[in-house]
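What follows is a set of notes on a single structure, which appears directly below.
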4 protein chains.
Amino acid sequence: MAARSSSALRLAFVAATTQAARAAKAALEQRYGAVSPADAEVIVALGGDGLMLQTLHRYLSRRTPIFGMNLGTVGFLMNQYRAPGLTARIRNARRVTLTPLRMIATNGSRKHEAIAINEVSLLRSSRQTARIAVAIDGQMRIPDLYCDGALVATPAGSTAYNLSAHGPILPLGAGLLALTPINAFRPRRWRGALLPRDSKVEFTILDHKKRPVAAAADSVEIANVVKVEVTDASDLELTLLFDPEHDLEERILKEQFAP
Amino acid sequence: MAARSSSALRLAFVAATTQAARAAKAALEQRYGAVSPADAEVIVALGGDGLMLQTLHRYLSRRTPIFGMNLGTVGFLMNQYRAPGLTARIRNARRVTLTPLRMIATNGSRKHEAIAINEVSLLRSSRQTARIAVAIDGQMRIPDLYCDGALVATPAGSTAYNLSAHGPILPLGAGLLALTPINAFRPRRWRGALLPRDSKVEFTILDHKKRPVAAAADSVEIANVVKVEVTDASDLELTLLFDPEHDLEERILKEQFAP
Amino acid sequence: MAARSSSALRLAFVAATTQAARAAKAALEQRYGAVSPADAEVIVALGGDGLMLQTLHRYLSRRTPIFGMNLGTVGFLMNQYRAPGLTARIRNARRVTLTPLRMIATNGSRKHEAIAINEVSLLRSSRQTARIAVAIDGQMRIPDLYCDGALVATPAGSTAYNLSAHGPILPLGAGLLALTPINAFRPRRWRGALLPRDSKVEFTILDHKKRPVAAAADSVEIANVVKVEVTDASDLELTLLFDPEHDLEERILKEQFAP
Amino acid sequence: MAARSSSALRLAFVAATTQAARAAKAALEQRYGAVSPADAEVIVALGGDGLMLQTLHRYLSRRTPIFGMNLGTVGFLMNQYRAPGLTARIRNARRVTLTPLRMIATNGSRKHEAIAINEVSLLRSSRQTARIAVAIDGQMRIPDLYCDGALVATPAGSTAYNLSAHGPILPLGAGLLALTPINAFRPRRWRGALLPRDSKVEFTILDHKKRPVAAAADSVEIANVVKVEVTDASDLELTLLFDPEHDLEERILKEQFAP
């Protein structure tokens, strides 16, 4: 449509707290104009993966696509930073849709719901080894896991905490979740499991008074949980935009071949 | 349909070479009648996983469903052996469909095609470390892998050789292949990759005269290969029958929680 | 020597807080007589490995040999429980000498010294990934380890936390320490190192205000450390007594062949 | 002593078959003079680790110290190549003494003895999974290991085949051997064991007619073995010379911190 010039794309900019990110935000707003995130067609995130996760969480309900440009130390989810040509890049970008996880964590008699894009993780919060029962789709699979903790990662999150905990990297379209123990003590050599994406994972914290455990959906933490349920949040969809030459699928694939 | 009694199911029986398997075959043929595999509606395989793989390979083109009963040492793909009630079990069985891999292996100027249900594997056939270039979908990923070999496993095969080579177990419906190095020497700590099911994996054997490599599709081996291509044989479909209480999907899931 | 009857061995008994352990203590004191630990030639510890570690720590300076009998859930360091024949078993027992580790942990401007029989471990105490510099004998080896933590284990402790963190089991006489990362995030695939027993390992916590870390010598924990030094406490020696048929060296060896 | 000029050191030179190595040999012989290996005080090996192993094997009985200079692709055991100042470097070099392994391999009724500096390895030589019984010091530890093979590595060899097979790197002075399975299929997750240096490891090949196995001491291979014994060859000692700034102990230590 001729009436719609490429400069008409309504952009909002969000930036990490670093000097470089703030300066870039000011310059880009000057250059491309800016609307509030609520009115934006696309949100441009300036910083590292931390900022991207934060931005995704913040605008979750609006489903506004997000185009990230890397001005941080880790930029797995980000495109390269370049000031010129932004509108064209965004118009030509490849869309990647991520489905996050929903965590329902019970501590005391309260239930807390939180969304995780990377992973839901449980970690002991005292010197005491955690003891956790793990059920999948209502069936008990590990009745008493002695460990530091456990996590459930999405394919997008499989290169993050999951990888550190010795879990496998999953291609984006895998239709799988990685269930990975964090330093399993018993069963001694349990390496975790890959589960169909629509699985429901239920962790029950055993002996939770003596052995307190905290649960986290990405960086939101709930202390002293007694039960944690993890399911696909298939009602939510996150859209990230990537330059065609560096899309996330390719990045995750490449990550598997990194030395 | 009243005219069709349950005893009318046309069965063929195949057995491993062990005493127990042959005796069972004779007794079951007596009890249920038997037709030739070419005329059978269902083939009943008596033995272990080795016999099952053999039978699947043998009747690949006919697509006849196969019901295995375990009379071997490893019976991952087999149901429990019980002589009575076989017809009813087969009628109530759950169907599991497996897509095999197609290997095209070149040695000298000849191309050999073979089908693999579990995995295509390459292994050095001399004292010399193998050197293999690995490309995925036409893109070079590991230009010079020093190793004993490498393999590509289906989900069904992920609990077999792949597991021994430290690869991950894949749920049946994963839509993935496991590419797993066999004792990688360089890059030193490469653990392999999970690939979308429709990937084309291409192995090129470097320095193949000094460093000979054999390739195998399950147990069919081709010596002195110079190039091996692995793709989904999506034109072929294998149907296995399982008692509902012990289907293969559940077995593979369970295997991930085995101590 | 006729004057020294076997019943003359001066024993002290210590017990875990469980019913079973206390009851056994009472019965054994009745049967064999008991002196205070300060006067004992041998201390008999009744419980599991937790109690044994506690007892070893408690009577460290006295160097009194300890004979453990298993009345707990984990009894790696314990002999089988049997009430009769205790004096003879102790007289015939094989001595195993363990050298512990000395941890010097600095938090703020204070230094805390503690002894570890199993391991010195560092673990992040917030959601923030820990960043730790690791130097060996004054030489920087990993300048910036992103991780959940790290540990240094003795051979005796190599089957404990070290094993959960994917470190190798070390035979008792190995003359080695295991330096094992806990969920290393960068360098991504660092698996740890085996170090000569007399190495000095120095951990410096980077960015410690934002990324707090706690250090523990076995179960004694120091919060908010900025620096942790680990050396052999070769001035201390712990003596454990084992029935000849089940000595610790054999147990650790056997543990390596456990399924 | 004035009478003994530095040029008086009797050197022999051996070279790999590459152009570069031969040319270096000719130039160095010209520069430093050369005697036959039998008359040499020090043998200078020019090439990569392959040549070094070959040279060590060849002059095993003479115990002549060997100084290697790297002109190959892998030079773990080699010093840097530099033509000038060789005599002074050799005089100042640090001596590292290695104890090799002795393999006694039985095939048919014959016994073959061979020495291994890096490792003794067993590998299946057909498509059939190997089945091997593993005994340590006369005690059966793994009665039936289903695998591609197994190996016993010295500390010096721990960074070679052992590392590829997922075994741990051992410091030179460790006093240990690494027993490492090659793709263990059953017991499924057996990761191997670290054994005291003076252990005797005995492999018995089960079902050896159907499942042939070859054994190798470094690169010397014996086909169709039925039994393989591995012990310390403590009667033999190999002396390698290293520039002080790059000695082997430091290299192996460093290797453990390589990314």
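Simple scheme: letters A, B, ... for chains in structure tokens order, numbers from 1 for residues in each chain, numbers from 1 for ligands in the order shown.
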What's around Ala135 (chain D) at 9 Å? Count only C-alpha atoms, leave out sequence neighbours fewer than 6 positions away in its own chain, and write the answer as a ChimeraX atom specification. /D:141-143,200-204
Excluding Arg127 (chain C) and its own-chain neighbours fewer than 3 positions away, which residues fall within 12 Å of it when counting only C-alpha atoms? Please give them as a list in words.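 The neighbour list is Ser121, Leu122, Leu123, Arg124, Ser125, Tyr161, Ala214, Ala215, Ala216, Ala217, Asp218, Ser219, Val220, Glu221, Ile222 and Ala223 of chain A; Leu123, Arg124, Ala130, Cys147, Asp148, Lys210, Arg211, Pro212 and Val213 of chain C.
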If we count only C-alpha atoms and set the cut-off at 8 Å, which residues sit around region 91-105 of chain A, ignoring sequence neighbours fewer than 4 positions away in its own chain? Please answer as JSON, numbers by chain. {"A": [87, 111, 112, 113, 114, 115, 116, 117, 118, 119, 120, 154, 156, 215, 217, 222, 225, 226, 227, 228, 229, 230, 231, 232, 233, 234, 236, 237, 238, 239, 240, 241, 242, 243, 244, 247, 248]}
Selection above as a file: C-alpha atoms, as a CSV table (one decimal), in the first residue's frame:
chain,number,residue,atom,x,y,z
A,87,THR,CA,12.9,-0.3,9.7
A,111,LYS,CA,-0.2,-20.7,45.0
A,112,HIS,CA,2.0,-18.5,42.9
A,113,GLU,CA,1.8,-18.5,39.1
A,114,ALA,CA,4.7,-17.3,37.0
A,115,ILE,CA,5.7,-17.7,33.4
A,116,ALA,CA,9.2,-19.0,32.3
A,117,ILE,CA,10.6,-18.5,28.8
A,118,ASN,CA,13.9,-20.4,29.5
A,119,GLU,CA,13.3,-22.7,32.4
A,120,VAL,CA,11.6,-23.4,35.7
A,154,THR,CA,12.2,-25.1,26.9
A,156,ALA,CA,14.9,-21.8,23.7
A,215,ALA,CA,11.6,-22.4,42.8
A,217,ALA,CA,10.5,-19.2,36.7
A,222,ILE,CA,9.4,-18.3,45.2
A,225,VAL,CA,7.9,-24.3,48.0
A,226,VAL,CA,6.2,-27.6,48.7
A,227,LYS,CA,4.9,-28.3,45.3
A,228,VAL,CA,5.7,-27.0,41.8
A,229,GLU,CA,3.7,-27.8,38.7
A,230,VAL,CA,5.1,-27.0,35.2
A,231,THR,CA,3.1,-27.1,32.0
A,232,ASP,CA,3.2,-25.6,28.6
A,233,ALA,CA,1.6,-22.1,28.6
A,234,SER,CA,0.2,-22.8,25.1
A,236,LEU,CA,0.7,-17.5,25.4
A,237,GLU,CA,2.9,-16.9,22.4
A,238,LEU,CA,6.0,-14.8,22.2
A,239,THR,CA,7.2,-13.4,19.0
A,240,LEU,CA,10.8,-12.6,18.4
A,241,LEU,CA,12.1,-11.0,15.2
A,242,PHE,CA,15.4,-12.1,13.7
A,243,ASP,CA,17.5,-11.0,10.8
A,244,PRO,CA,17.1,-13.8,8.3
A,247,ASP,CA,17.7,-16.6,13.2
A,248,LEU,CA,17.4,-18.3,16.5
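Distance-wise, CA of Ala27 (chain C) and CA of Asp39 (chain C) end up 19.9 Å apart.
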Report the residues of region 48-175 of chain D whose backbone DSSP state falls under strand (DSSP E or B), written as JSON, numbers by chain. {"D": [66, 67, 68, 69, 70, 79, 94, 95, 96, 97, 98, 101, 102, 103, 104, 105, 106, 107, 110, 111, 112, 113, 114, 115, 116, 119, 120, 121, 122, 123, 124, 130, 131, 132, 133, 134, 135, 136, 139, 140, 141, 142, 143, 144, 145, 146, 147, 149, 150, 151, 152, 153]}
Report the distance between CA of Ile132 (chain D) and CA of Ala193 (chain D) in Å, rounded to one decimal place. 15.5 Å
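Between CA of Arg189 (chain C) and CA of Pro168 (chain A) the interatomic distance comes to 12.0 Å.
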Chain D contacts to chain B at 6 Å (only C-alpha atoms) as number ranges by chain: D: 164-165, 183-185
Find the residues near region 46-48 of chain B: any atom within 12 Å, counting only C-alpha atoms, skip ones fewer than 4 places away on the same chain, and give them as a PyMOL selection string. chain B and resi 12-29+52-55+66-83
